[in-house]
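Q: Coordinates in structure14.csv, CSV, C-alpha atoms and all ligand atoms, are listed below.
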```
chain,number,residue,atom,x,y,z
A,10,PRO,CA,0.0,0.0,0.0
A,11,THR,CA,1.1,3.5,-0.6
A,12,THR,CA,2.2,5.6,2.4
A,13,THR,CA,-0.7,7.9,2.6
A,14,SER,CA,-3.5,5.6,1.7
A,15,PRO,CA,-5.2,4.9,5.0
A,16,ALA,CA,-4.7,1.4,6.3
A,17,ARG,CA,-8.5,1.2,6.9
A,18,THR,CA,-10.3,3.3,4.4
A,19,GLY,CA,-13.9,4.3,4.7
A,20,SER,CA,-14.6,4.2,8.4
A,21,VAL,CA,-18.2,4.8,9.4
A,22,VAL,CA,-18.6,7.4,12.1
A,23,GLU,CA,-21.8,7.8,14.1
A,24,PHE,CA,-22.8,10.4,16.6
A,25,ALA,CA,-25.7,8.9,18.6
A,26,GLY,CA,-27.5,11.4,20.7
A,27,VAL,CA,-24.4,13.1,21.9
A,28,VAL,CA,-24.8,15.7,24.7
A,29,LYS,CA,-22.2,18.2,25.7
A,30,ARG,CA,-22.6,20.9,28.3
A,31,PHE,CA,-20.3,23.8,29.2
A,32,GLY,CA,-21.6,24.7,32.6
A,33,THR,CA,-25.3,25.4,32.0
A,34,HIS,CA,-24.8,25.9,28.3
A,35,LEU,CA,-25.9,23.0,26.1
A,36,ALA,CA,-23.4,23.0,23.2
A,37,LEU,CA,-24.6,19.6,21.8
A,38,SER,CA,-28.2,18.6,22.3
A,39,GLU,CA,-28.9,15.0,21.4
A,40,PHE,CA,-26.6,15.5,18.4
A,41,ALA,CA,-27.1,12.7,15.8
A,42,LEU,CA,-25.2,12.3,12.6
A,43,THR,CA,-23.7,9.4,10.6
A,44,LEU,CA,-20.8,9.8,8.2
A,45,HIS,CA,-20.8,7.0,5.7
A,46,ALA,CA,-17.6,5.2,4.6
A,47,GLY,CA,-15.4,7.5,2.5
A,48,GLU,CA,-17.8,10.4,2.7
A,49,LEU,CA,-17.0,14.1,3.2
A,50,VAL,CA,-19.6,15.7,5.4
A,51,ALA,CA,-19.5,19.5,5.9
A,52,LEU,CA,-20.8,20.7,9.2
A,53,LEU,CA,-22.2,24.1,8.5
A,54,GLY,CA,-23.9,26.5,10.9
A,55,PRO,CA,-23.8,30.0,12.4
A,56,SER,CA,-21.2,30.9,15.0
A,57,GLY,CA,-21.9,29.1,18.3
A,58,SER,CA,-24.1,26.4,16.8
A,59,GLY,CA,-21.7,23.7,18.1
A,60,LYS,CA,-19.7,22.7,15.0
A,61,THR,CA,-16.3,22.8,16.6
A,62,THR,CA,-17.6,21.1,19.7
A,63,ALA,CA,-19.0,18.2,17.6
A,64,LEU,CA,-15.6,17.8,15.9
A,65,ARG,CA,-13.7,18.0,19.2
A,66,VAL,CA,-15.8,15.4,20.9
A,67,LEU,CA,-15.2,13.1,17.9
A,68,ALA,CA,-11.5,13.7,18.2
A,69,GLY,CA,-11.7,13.0,22.0
A,70,LEU,CA,-10.5,16.6,22.8
A,71,GLU,CA,-13.7,17.1,24.8
A,72,SER,CA,-15.5,14.6,27.0
A,73,THR,CA,-19.3,14.1,26.4
A,74,ASP,CA,-22.1,14.2,28.9
A,75,GLY,CA,-24.3,11.7,27.1
A,76,GLY,CA,-24.8,9.6,24.0
A,77,ARG,CA,-22.2,7.6,22.2
A,78,ILE,CA,-19.7,8.1,19.4
A,79,LEU,CA,-19.1,5.0,17.3
A,80,ILE,CA,-16.4,4.3,14.8
A,81,ASN,CA,-17.1,1.3,12.7
A,82,GLY,CA,-19.5,0.3,15.3
A,83,ASP,CA,-17.1,0.6,18.3
A,84,ASP,CA,-17.9,3.0,21.0
A,85,VAL,CA,-14.8,5.2,21.4
A,86,SER,CA,-16.1,7.3,24.3
A,87,GLY,CA,-13.4,6.2,26.7
A,88,VAL,CA,-10.6,6.1,24.1
A,89,PRO,CA,-8.0,8.9,24.4
A,90,THR,CA,-7.3,11.2,21.4
A,91,SER,CA,-4.0,9.6,20.6
A,92,ARG,CA,-5.6,6.2,20.1
A,93,ARG,CA,-8.7,7.4,18.1
A,94,ASP,CA,-6.7,7.4,14.9
A,95,MET,CA,-7.7,10.8,13.6
A,96,GLY,CA,-5.9,13.2,11.3
A,97,MET,CA,-6.7,16.8,12.2
A,98,VAL,CA,-6.2,20.2,10.5
A,99,PHE,CA,-7.2,23.4,12.2
A,100,GLN,CA,-7.6,27.0,11.1
A,101,SER,CA,-4.3,28.2,12.4
A,102,TYR,CA,-1.5,26.4,10.7
A,103,SER,CA,0.0,25.1,13.9
A,104,LEU,CA,3.3,23.9,12.3
A,105,PHE,CA,6.3,23.7,14.6
A,106,PRO,CA,8.3,26.7,13.5
A,107,HIS,CA,11.7,25.2,14.3
A,108,LEU,CA,11.1,22.1,12.2
A,109,SER,CA,11.2,21.9,8.4
A,110,ALA,CA,8.1,21.0,6.4
A,111,GLY,CA,9.3,17.4,6.2
A,112,GLU,CA,10.1,17.1,9.9
A,113,ASN,CA,6.6,18.5,10.7
A,114,VAL,CA,5.0,15.8,8.6
A,115,GLU,CA,7.3,13.2,10.2
A,116,PHE,CA,6.3,14.2,13.6
A,117,GLY,CA,3.3,11.9,14.1
A,118,LEU,CA,5.4,9.0,12.8
A,119,ARG,CA,8.2,9.8,15.2
A,120,MET,CA,5.6,9.6,18.1
A,121,ARG,CA,4.7,6.2,16.7
A,122,ARG,CA,8.4,5.1,16.7
A,123,VAL,CA,8.5,4.6,13.0
A,124,PRO,CA,12.2,4.1,11.9
A,125,ALA,CA,13.9,7.1,10.4
A,126,ALA,CA,14.2,5.9,6.8
A,127,GLU,CA,10.6,4.9,6.6
A,128,ARG,CA,9.6,8.2,8.2
A,129,ARG,CA,11.5,10.1,5.6
A,130,SER,CA,10.0,8.3,2.7
A,131,ARG,CA,6.4,8.4,4.0
A,132,ALA,CA,6.7,12.1,4.8
A,133,ALA,CA,8.1,12.8,1.3
A,134,GLU,CA,5.2,10.9,-0.2
A,135,ALA,CA,2.6,12.8,1.9
A,136,LEU,CA,4.2,16.1,0.8
A,137,ASP,CA,4.0,14.8,-2.8
A,138,LEU,CA,0.3,14.2,-2.3
A,139,VAL,CA,-0.3,17.9,-1.5
A,140,GLY,CA,2.1,19.1,-4.3
A,141,LEU,CA,4.9,20.1,-2.0
A,142,ASP,CA,7.5,17.4,-2.7
A,143,THR,CA,10.1,20.0,-3.4
A,144,HIS,CA,9.5,21.8,-0.1
A,145,TYR,CA,10.7,19.1,2.3
A,146,ASP,CA,13.5,21.3,3.9
A,147,ARG,CA,11.6,24.6,4.0
A,148,PHE,CA,10.7,26.1,7.4
A,149,ALA,CA,7.2,27.3,8.1
A,150,HIS,CA,8.2,31.0,7.8
A,151,GLN,CA,9.4,30.2,4.3
A,152,LEU,CA,6.0,29.0,3.3
A,153,SER,CA,2.8,30.9,2.3
A,154,GLY,CA,-0.3,30.4,4.4
A,155,GLY,CA,-1.7,28.0,1.7
A,156,GLN,CA,1.5,26.0,1.7
A,157,GLN,CA,1.5,25.8,5.4
A,158,GLN,CA,-2.0,24.4,5.4
A,159,ARG,CA,-1.0,21.8,2.8
A,160,VAL,CA,1.9,20.8,5.1
A,161,ALA,CA,-0.6,20.5,7.9
A,162,LEU,CA,-2.8,18.3,5.7
A,163,ALA,CA,0.1,16.1,4.8
A,164,ARG,CA,1.0,15.8,8.5
A,165,ALA,CA,-2.6,14.8,9.2
A,166,LEU,CA,-2.7,12.1,6.5
A,167,VAL,CA,0.8,10.6,6.9
A,168,THR,CA,-0.3,8.4,9.8
A,169,ARG,CA,-3.0,6.8,7.7
A,170,PRO,CA,-5.8,7.9,10.0
A,171,ARG,CA,-9.3,6.4,9.9
A,172,VAL,CA,-11.0,9.8,9.9
A,173,LEU,CA,-9.9,13.2,8.8
A,174,LEU,CA,-11.1,16.2,10.8
A,175,LEU,CA,-10.9,19.7,9.3
A,176,ASP,CA,-11.9,22.6,11.4
A,177,GLU,CA,-12.2,25.8,9.3
A,178,PRO,CA,-8.9,24.8,7.6
A,179,LEU,CA,-9.3,27.5,4.9
A,180,SER,CA,-10.6,30.5,6.9
A,181,ALA,CA,-7.3,32.2,7.4
A,182,LEU,CA,-6.5,32.1,3.7
A,183,ASP,CA,-7.4,34.7,1.0
A,184,ALA,CA,-10.2,34.0,-1.4
A,185,LYS,CA,-8.3,32.6,-4.4
A,186,VAL,CA,-6.1,30.3,-2.3
A,187,ARG,CA,-9.1,29.2,-0.4
A,188,VAL,CA,-10.9,28.0,-3.5
A,189,SER,CA,-7.9,26.2,-4.9
A,190,LEU,CA,-7.0,24.5,-1.7
A,191,ARG,CA,-10.6,23.3,-1.1
A,192,GLU,CA,-10.5,21.7,-4.5
A,193,GLN,CA,-7.2,20.0,-3.7
A,194,ILE,CA,-8.6,18.8,-0.3
A,195,ARG,CA,-11.6,17.3,-2.1
A,196,ARG,CA,-9.4,15.6,-4.7
A,197,ILE,CA,-7.1,14.1,-2.2
A,198,GLN,CA,-10.0,13.1,0.1
A,199,THR,CA,-11.8,11.3,-2.8
A,200,GLU,CA,-8.5,9.7,-3.9
A,201,LEU,CA,-7.9,8.3,-0.5
A,202,GLY,CA,-11.5,7.5,0.3
A,203,ILE,CA,-11.1,8.8,3.8
A,204,THR,CA,-14.2,9.6,5.8
A,205,THR,CA,-14.0,13.4,6.5
A,206,LEU,CA,-15.7,15.9,8.7
A,207,PHE,CA,-15.2,19.4,7.5
A,208,VAL,CA,-16.3,22.2,9.8
A,209,THR,CA,-17.1,25.5,8.2
A,210,HIS,CA,-19.3,28.6,8.6
A,211,ASP,CA,-19.0,29.4,4.9
A,212,GLN,CA,-22.0,28.0,2.9
A,213,ASP,CA,-20.3,28.3,-0.5
A,214,GLU,CA,-17.4,26.2,0.8
A,215,ALA,CA,-19.7,23.6,2.3
A,216,LEU,CA,-21.8,23.3,-0.8
A,217,ALA,CA,-18.8,23.1,-3.1
A,218,VAL,CA,-16.8,20.5,-1.2
A,219,ALA,CA,-19.2,18.1,0.5
A,220,ASP,CA,-21.0,14.9,-0.4
A,221,ARG,CA,-23.5,15.9,2.2
A,222,VAL,CA,-23.9,19.0,4.3
A,223,ALA,CA,-25.2,18.9,7.8
A,224,VAL,CA,-26.6,22.3,9.0
A,225,MET,CA,-26.4,22.9,12.7
A,226,GLN,CA,-28.4,25.2,14.9
A,227,GLY,CA,-28.4,25.3,18.7
A,228,GLY,CA,-26.4,22.2,19.2
A,229,ARG,CA,-28.3,19.9,16.8
A,230,ILE,CA,-28.7,19.1,13.2
A,231,GLU,CA,-31.4,21.0,11.5
A,232,GLN,CA,-31.1,19.3,8.1
A,233,VAL,CA,-28.6,17.0,6.4
A,234,GLY,CA,-28.6,16.3,2.7
A,235,THR,CA,-26.7,16.7,-0.5
A,236,PRO,CA,-25.9,20.3,-1.5
A,237,GLU,CA,-28.6,20.1,-4.1
A,238,GLU,CA,-31.2,18.8,-1.6
A,239,LEU,CA,-30.4,21.6,0.9
A,240,TYR,CA,-30.6,24.3,-1.8
A,241,THR,CA,-33.7,23.1,-3.6
A,242,ARG,CA,-35.6,21.5,-0.8
A,243,PRO,CA,-34.8,23.3,2.4
A,244,ALA,CA,-36.7,21.6,5.2
A,245,THR,CA,-37.1,24.7,7.4
A,246,PRO,CA,-37.1,28.5,7.0
A,247,PHE,CA,-33.8,28.6,8.8
A,248,ILE,CA,-32.2,26.4,6.1
A,249,ALA,CA,-33.8,28.4,3.3
A,250,ASP,CA,-32.4,31.5,4.8
A,251,PHE,CA,-29.0,30.2,5.8
A,252,VAL,CA,-28.2,28.3,2.6
A,253,GLY,CA,-28.2,30.6,-0.4
A,254,LEU,CA,-30.1,33.9,-0.8
A,255,SER,CA,-33.8,33.9,-0.4
A,256,ASN,CA,-36.5,36.5,-0.9
A,257,ARG,CA,-39.3,36.4,1.6
A,258,LEU,CA,-42.8,37.3,0.5
A,259,PRO,CA,-46.1,37.2,2.3
A,260,GLY,CA,-48.4,34.5,0.8
A,261,LEU,CA,-51.5,32.5,1.5
A,262,VAL,CA,-51.5,28.7,1.2
A,263,ARG,CA,-54.6,27.2,-0.4
A,264,HIS,CA,-55.1,23.6,-1.6
A,265,GLY,CA,-51.4,22.9,-1.8
A,266,PHE,CA,-50.4,26.1,-3.6
A,267,ALA,CA,-49.2,29.5,-2.4
A,268,GLU,CA,-50.7,32.7,-3.6
A,269,VAL,CA,-48.4,35.7,-3.5
A,270,HIS,CA,-50.3,38.9,-4.3
A,271,GLY,CA,-52.5,37.1,-6.8
A,272,VAL,CA,-49.7,34.9,-8.4
A,273,THR,CA,-50.0,31.2,-7.7
A,274,LEU,CA,-46.8,29.2,-6.9
A,275,PRO,CA,-46.2,25.5,-6.4
A,276,LEU,CA,-45.0,24.4,-2.9
A,277,VAL,CA,-42.0,22.3,-2.1
A,278,ASP,CA,-44.3,20.6,0.4
A,279,PRO,CA,-47.8,20.5,-1.0
A,280,SER,CA,-49.2,19.0,2.2
A,281,GLN,CA,-48.9,22.5,3.9
A,282,PRO,CA,-52.1,23.4,5.7
A,283,ASP,CA,-54.1,26.4,4.4
A,284,GLY,CA,-53.3,29.8,5.9
A,285,PRO,CA,-51.0,32.8,5.8
A,286,VAL,CA,-47.3,32.1,5.4
A,287,ARG,CA,-44.1,33.7,4.3
A,288,VAL,CA,-42.8,32.3,1.0
A,289,PHE,CA,-39.1,31.9,0.2
A,290,VAL,CA,-38.1,32.5,-3.4
A,291,ARG,CA,-34.5,32.2,-4.8
A,292,PRO,CA,-33.2,35.2,-6.7
A,293,GLU,CA,-32.6,33.0,-9.8
A,294,ASP,CA,-36.3,31.9,-9.6
A,295,LEU,CA,-37.4,35.4,-10.3
A,296,THR,CA,-37.3,36.9,-13.8
A,297,LEU,CA,-37.7,40.4,-15.2
A,298,GLY,CA,-40.6,41.2,-17.5
A,299,THR,CA,-41.9,44.5,-18.7
A,300,ILE,CA,-45.1,46.0,-17.3
A,301,ASP,CA,-46.7,46.3,-20.8
A,302,ASP,CA,-46.0,42.7,-22.0
A,303,GLN,CA,-47.3,40.6,-19.2
A,304,PRO,CA,-50.0,42.4,-17.1
A,305,GLY,CA,-51.3,40.3,-14.2
A,306,THR,CA,-48.7,37.6,-14.3
A,307,GLY,CA,-46.2,39.1,-11.9
A,308,LEU,CA,-45.6,41.8,-9.4
A,309,PRO,CA,-45.0,45.3,-10.7
A,310,GLY,CA,-42.1,47.3,-9.2
A,311,THR,CA,-39.2,49.7,-9.7
A,312,VAL,CA,-35.6,48.9,-10.1
A,313,LEU,CA,-33.5,50.1,-7.2
A,314,LEU,CA,-30.1,48.8,-8.1
A,315,SER,CA,-28.5,46.5,-10.6
A,316,SER,CA,-24.9,45.1,-10.2
A,317,PHE,CA,-22.8,43.4,-12.7
A,318,LEU,CA,-21.2,40.3,-11.1
A,319,GLY,CA,-19.3,38.9,-14.1
A,320,SER,CA,-21.3,35.8,-14.9
A,321,LEU,CA,-24.6,37.2,-13.8
A,322,ARG,CA,-26.4,40.4,-12.8
A,323,ARG,CA,-28.1,41.0,-9.5
A,324,THR,CA,-31.0,43.4,-9.5
A,325,SER,CA,-33.0,44.8,-6.6
A,326,VAL,CA,-36.6,45.7,-7.2
A,327,ARG,CA,-39.0,47.6,-4.9
A,328,LEU,CA,-42.4,46.1,-5.3
A,329,ASP,CA,-45.5,48.3,-5.7
A,330,VAL,CA,-47.2,46.2,-3.0
A,331,GLY,CA,-44.3,46.9,-0.6
A,332,GLY,CA,-41.0,45.2,0.1
A,333,THR,CA,-37.9,44.6,-2.0
A,334,VAL,CA,-36.8,41.5,-3.9
A,335,VAL,CA,-33.5,40.5,-5.3
A,336,LEU,CA,-33.2,38.8,-8.7
A,337,GLN,CA,-30.3,37.1,-10.5
A,338,HIS,CA,-30.4,37.1,-14.2
A,339,ASP,CA,-28.5,37.1,-17.5
A,340,VAL,CA,-25.9,39.8,-17.8
A,341,ARG,CA,-27.3,40.7,-21.2
A,342,LEU,CA,-30.3,42.2,-19.5
A,343,HIS,CA,-29.6,45.8,-18.5
A,344,PRO,CA,-32.3,47.1,-16.2
A,345,THR,CA,-31.9,50.8,-15.3
A,346,VAL,CA,-32.4,52.3,-11.9
A,347,GLY,CA,-35.9,53.8,-11.7
A,348,GLU,CA,-37.3,51.6,-14.5
A,349,SER,CA,-40.7,50.0,-14.1
A,350,VAL,CA,-40.6,46.3,-14.4
A,351,LEU,CA,-42.7,43.2,-13.7
A,352,VAL,CA,-41.2,40.6,-11.4
A,353,ARG,CA,-42.2,37.2,-12.6
A,354,PHE,CA,-41.8,33.7,-11.0
A,355,SER,CA,-40.1,30.9,-12.8
A,356,GLY,CA,-42.5,28.4,-11.4
A,357,ALA,CA,-39.9,26.5,-9.2
A,358,PRO,CA,-41.5,25.1,-6.1
A,359,VAL,CA,-41.1,27.3,-3.0
A,360,PRO,CA,-40.7,26.5,0.7
A,361,VAL,CA,-42.7,28.4,3.2
A,362,GLU,CA,-42.3,29.6,6.7
A,363,ALA,CA,-44.6,28.2,9.4
A,364,HIS,CA,-47.9,30.0,9.6
A,365,ILE,CA,-47.6,33.6,10.5
A,366,PRO,CA,-49.7,34.7,13.5
A,367,VAL,CA,-52.5,37.0,12.4
A,368,GLU,CA,-51.2,40.0,14.3
A,369,ALA,CA,-47.8,39.8,12.6
A,370,GLN,CA,-49.2,40.0,9.1
A,371,THR,CA,-48.6,43.1,7.1
A,372,PRO,CA,-51.6,44.6,5.3
A,373,SER,CA,-51.2,44.5,1.5
B,401,LIG,P1,-17.7,29.1,15.7
B,401,LIG,O1,-18.1,29.1,14.2
B,401,LIG,O2,-17.9,30.5,16.2
B,401,LIG,O3,-16.5,28.5,16.0
B,401,LIG,P2,-19.1,26.8,16.5
B,401,LIG,O4,-20.4,26.5,15.8
B,401,LIG,O5,-17.9,26.0,16.2
B,401,LIG,O6,-18.9,28.3,16.4
B,401,LIG,P3,-18.6,25.9,19.2
B,401,LIG,O7,-17.2,26.5,19.2
B,401,LIG,O8,-18.8,24.5,19.1
B,401,LIG,O9,-19.5,26.6,18.1
B,401,LIG,O10,-19.4,26.4,20.5
B,401,LIG,C1,-20.7,26.1,20.8
B,401,LIG,C2,-21.1,26.8,22.1
B,401,LIG,O11,-20.4,26.3,23.2
B,401,LIG,C3,-20.8,28.3,22.1
B,401,LIG,O12,-21.9,29.0,22.7
B,401,LIG,C4,-19.5,28.4,22.9
B,401,LIG,O13,-19.5,29.6,23.5
B,401,LIG,C5,-19.6,27.3,23.9
B,401,LIG,N1,-18.3,26.7,24.2
B,401,LIG,C6,-17.5,26.1,23.4
B,401,LIG,N2,-16.3,25.7,24.0
B,401,LIG,C7,-16.5,26.1,25.3
B,401,LIG,C8,-15.7,26.0,26.4
B,401,LIG,N3,-14.5,25.4,26.4
B,401,LIG,N4,-16.1,26.5,27.6
B,401,LIG,C9,-17.3,27.1,27.6
B,401,LIG,N5,-18.2,27.3,26.6
B,401,LIG,C10,-17.7,26.8,25.4
```
Transcribe the structure of this file into structure tokens.
A:
Amino acid sequence: PTTTSPARTGSVVEFAGVVKRFGTHLALSEFALTLHAGELVALLGPSGSGKTTALRVLAGLESTDGGRILINGDDVSGVPTSRRDMGMVFQSYSLFPHLSAGENVEFGLRMRRVPAAERRSRAAEALDLVGLDTHYDRFAHQLSGGQQQRVALARALVTRPRVLLLDEPLSALDAKVRVSLREQIRRIQTELGITTLFVTHDQDEALAVADRVAVMQGGRIEQVGTPEELYTRPATPFIADFVGLSNRLPGLVRHGFAEVHGVTLPLVDPSQPDGPVRVFVRPEDLTLGTIDDQPGTGLPGTVLLSSFLGSLRRTSVRLDVGGTVVLQHDVRLHPTVGESVLVRFSGAPVPVEAHIPVEAQTPS
């Protein structure tokens, strides 16, 4: 076997009702999540939702107050970090500054008393995997941030861990490096087939890199699914709001459809009970029409702002009925500020917010 291919690929990791308290604060509340063999799961959520805590209890860096953590069916709750067989990369590069890149990568092998010659060749191979085979003798201060994180990744993988844990590994890097490194991580992870938990608060990163994304709120999973599932079928208003941009419009559910100011829209969940709701509409599910062409088929409004974003254009429209919506559309359309337009719906099914109490409804 090659040096960096994990001895046991594709471990299954299961959090089963894990509870973690810090004093009176419940950081993990019956937290349940399964990572399938060889899968990359991104743990996404707002600050304080418990992402890092979940990663740390899996690593054994925090104790738990309930529930179980299973790796390939074995409860590892009592097992110390050093024997859980995890590779870890954190936000800060955390390389030893007085060691070369190669020596940093060798470190875990040294702890495991691997003989020097084998250490050297395995470290070189791990550095090769991250594209830094020519940087063995460089010190941390001679490496860019992105290179340091690649060394950290090589160091995490060289011991052939069962599971790879990444805690915001790209957050300290600038935008371009971040994208290229996340693609590299994904390629290596797929190549090795190593089960990976990737903690991030960046939804673009989570959607781009993961097989499945688990969105956390308040110490538990709110929804877990493929990036496409989360984006097109958000289970809750929180998900619709947190993953991607959403417009919110007041609507009325009737017989499995939502009516928004006289326009009828299909629902993601047609079993919704009748009543007033807020409807979530993606910017790309709105199109621009002209007032004259399609009377009665959309919502009239006035263009507030239109920004060129390279591959698309983003336009804000103030609706005559009140409120503002954002649209994303073809760059060849050039709406001008102050122009009267008709905002139309593409017909994509929409999720809705739980029924709005009568007193909170805005008159239209
Ligand atoms: P962030 O993106 O800001 O890192 P997170 O989702 O990773 O957030 P955690 O770091 O897991 O969240 O923290 C979850 C909650 O637990 C927070 O309210 C945090 O303040 C609290 N917490 C985390 N670690 C400790 C600790 N060692 N002592 C006390 N409270 C803690």
Q: Per residue of chain A within 6 Å of ligand LIG 401 (chain B), record the nearest atom pair and its distance in Å to one decimal, counting only C-alpha atoms and all ligand atoms, with rows in chain order and ascending residue number, as CSV.
A:
```
residue,atom,partner,partner_atom,distance
A:Phe31,CA,B:LIG401,C9,4.7
A:Ala36,CA,B:LIG401,O11,4.5
A:Pro55,CA,B:LIG401,O4,5.9
A:Ser56,CA,B:LIG401,O2,3.5
A:Gly57,CA,B:LIG401,O9,3.5
A:Ser58,CA,B:LIG401,O4,3.8
A:Gly59,CA,B:LIG401,O8,3.2
A:Lys60,CA,B:LIG401,O4,3.9
A:Thr61,CA,B:LIG401,O5,3.6
A:Thr62,CA,B:LIG401,O8,3.7
A:His210,CA,B:LIG401,O1,5.7
```
Q: Please dump the current selection as a tab-separated table (two decimals), in the frame of the given file; keep C-alpha atoms.
A:
```tsv
chain	number	residue	atom	x	y	z
A	31	PHE	CA	-20.30	23.80	29.20
A	36	ALA	CA	-23.40	23.00	23.20
A	55	PRO	CA	-23.80	30.00	12.40
A	56	SER	CA	-21.20	30.90	15.00
A	57	GLY	CA	-21.90	29.10	18.30
A	58	SER	CA	-24.10	26.40	16.80
A	59	GLY	CA	-21.70	23.70	18.10
A	60	LYS	CA	-19.70	22.70	15.00
A	61	THR	CA	-16.30	22.80	16.60
A	62	THR	CA	-17.60	21.10	19.70
A	210	HIS	CA	-19.30	28.60	8.60
```
Q: I'd like the neighbourhood of Ala357 of chain A as a list in words, where a residue qualifies if any of its atoms comes within 10 Å (using all atoms listed in the file), though same-chain residues fewer than 5 positions away should be ignored.
A: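 Everything that qualifies: Thr241, Leu274, Pro275, Leu276, Val277, Val290, Arg291, Glu293, Asp294 and Leu295 of chain A.
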Q: May I have the selected residues written with C-alpha atoms, as a PDB file, in the coordinates of the input?
A:
```pdb
ATOM      1  CA  THR A 241     -33.700  23.100  -3.600  1.00  0.00           C
ATOM      2  CA  LEU A 274     -46.800  29.200  -6.900  1.00  0.00           C
ATOM      3  CA  PRO A 275     -46.200  25.500  -6.400  1.00  0.00           C
ATOM      4  CA  LEU A 276     -45.000  24.400  -2.900  1.00  0.00           C
ATOM      5  CA  VAL A 277     -42.000  22.300  -2.100  1.00  0.00           C
ATOM      6  CA  VAL A 290     -38.100  32.500  -3.400  1.00  0.00           C
ATOM      7  CA  ARG A 291     -34.500  32.200  -4.800  1.00  0.00           C
ATOM      8  CA  GLU A 293     -32.600  33.000  -9.800  1.00  0.00           C
ATOM      9  CA  ASP A 294     -36.300  31.900  -9.600  1.00  0.00           C
ATOM     10  CA  LEU A 295     -37.400  35.400 -10.300  1.00  0.00           C
TER      11      LEU A 295
END
```
Q: Which residue, A:Gly140, A:Gly26, A:Pro279, A:Pro170, has the smallest gap to Gln156 of chain A when you use only C-alpha atoms?
A: A:Gly140
Q: Can you list, as a ChimeraX atom specification, every protein, DNA or RNA residue that comes within 12 Å of Phe266 of chain A when you count all atoms listed in the file, leaving out same-chain residues fewer than 3 positions away?
A: /A:260-263,269,271-286,288,356-361
Q: Could you turn the residues from that selection into a file that holds C-alpha atoms, as a compact mmCIF listing (two decimals), in the coordinates of the input?
A:
```txt
# COMPACT_ATOMS: atom_id res chain seq x y z
CA GLY A 260 -48.40 34.50 0.80
CA LEU A 261 -51.50 32.50 1.50
CA VAL A 262 -51.50 28.70 1.20
CA ARG A 263 -54.60 27.20 -0.40
CA VAL A 269 -48.40 35.70 -3.50
CA GLY A 271 -52.50 37.10 -6.80
CA VAL A 272 -49.70 34.90 -8.40
CA THR A 273 -50.00 31.20 -7.70
CA LEU A 274 -46.80 29.20 -6.90
CA PRO A 275 -46.20 25.50 -6.40
CA LEU A 276 -45.00 24.40 -2.90
CA VAL A 277 -42.00 22.30 -2.10
CA ASP A 278 -44.30 20.60 0.40
CA PRO A 279 -47.80 20.50 -1.00
CA SER A 280 -49.20 19.00 2.20
CA GLN A 281 -48.90 22.50 3.90
CA PRO A 282 -52.10 23.40 5.70
CA ASP A 283 -54.10 26.40 4.40
CA GLY A 284 -53.30 29.80 5.90
CA PRO A 285 -51.00 32.80 5.80
CA VAL A 286 -47.30 32.10 5.40
CA VAL A 288 -42.80 32.30 1.00
CA GLY A 356 -42.50 28.40 -11.40
CA ALA A 357 -39.90 26.50 -9.20
CA PRO A 358 -41.50 25.10 -6.10
CA VAL A 359 -41.10 27.30 -3.00
CA PRO A 360 -40.70 26.50 0.70
CA VAL A 361 -42.70 28.40 3.20
```
Q: Hey, can you pull every residue with an atom no more than 8 Å from (-39.1, 37.8, -15.0), using all atoms listed in the file, and send it as a ChimeraX atom specification?
A: /A:295-298,307,351-355
Q: Counting only C-alpha atoms, which residues have an atom no more than 9 Å from (-10.2, 14.0, 21.1) in the file's coordinates? Please list them as a compact mmCIF listing (two decimals) with C-alpha atoms, in the frame of the given file.
A:
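To be explicit, this is the file written out as selection_27.txt:
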```txt
# COMPACT_ATOMS: atom_id res chain seq x y z
CA LEU A 64 -15.60 17.80 15.90
CA ARG A 65 -13.70 18.00 19.20
CA VAL A 66 -15.80 15.40 20.90
CA LEU A 67 -15.20 13.10 17.90
CA ALA A 68 -11.50 13.70 18.20
CA GLY A 69 -11.70 13.00 22.00
CA LEU A 70 -10.50 16.60 22.80
CA GLU A 71 -13.70 17.10 24.80
CA SER A 72 -15.50 14.60 27.00
CA VAL A 88 -10.60 6.10 24.10
CA PRO A 89 -8.00 8.90 24.40
CA THR A 90 -7.30 11.20 21.40
CA SER A 91 -4.00 9.60 20.60
CA ARG A 93 -8.70 7.40 18.10
CA MET A 95 -7.70 10.80 13.60
```
Q: Give the answer as one residue: which of A:Val335, A:Val340, A:Ala219, A:Ala267 has the shortest atom-to-atom distance to Gly234 of chain A, using all atoms listed in the file?
A: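 Looking only at the distances to Gly234 of chain A, the closest residue turns out to be A:Ala219.
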Q: I want to know what sits within 8 Å of Gln158 of chain A, based on all atoms listed in the file, with residues of the same chain fewer than 4 positions away left out; could you give that as a list in words?
A: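 What passes the distance filter is Val98, Tyr102, Gly154, Leu162, Pro178 and Leu179 of chain A.
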Q: Residues at most 8 Å from Arg229 of chain A, counting all atoms listed in the file, excluding those fewer than 6 positions away in the same chain, as an MDAnalysis selection string?
A: chainID A and resid 37:41 58:59
Q: To one decimal place, how far is atom CA of Lys185 of chain A from atom CA of Ala149 of chain A in Å?
A: 20.6 Å
Q: Which residue is closest to Glu362 of chain A? Choose from A:Leu49, A:Leu308, A:Val346, A:Ala244 and count all atoms listed in the file.
A: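 Checking each candidate against Glu362 of chain A, we get A:Ala244 as the closest.
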Q: With distances taken over all atoms listed in the file, which of A:Pro246, A:Gly111, A:Gly265, A:Gly117 is nearest to Thr143 of chain A?
A: A:Gly111
Q: Atom CA of Ser189 of chain A to atom CA of Ala249 of chain A: how many Å, to one decimal?
A: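 Going from atom CA of Ser189 of chain A over to atom CA of Ala249 of chain A covers 27.3 Å.
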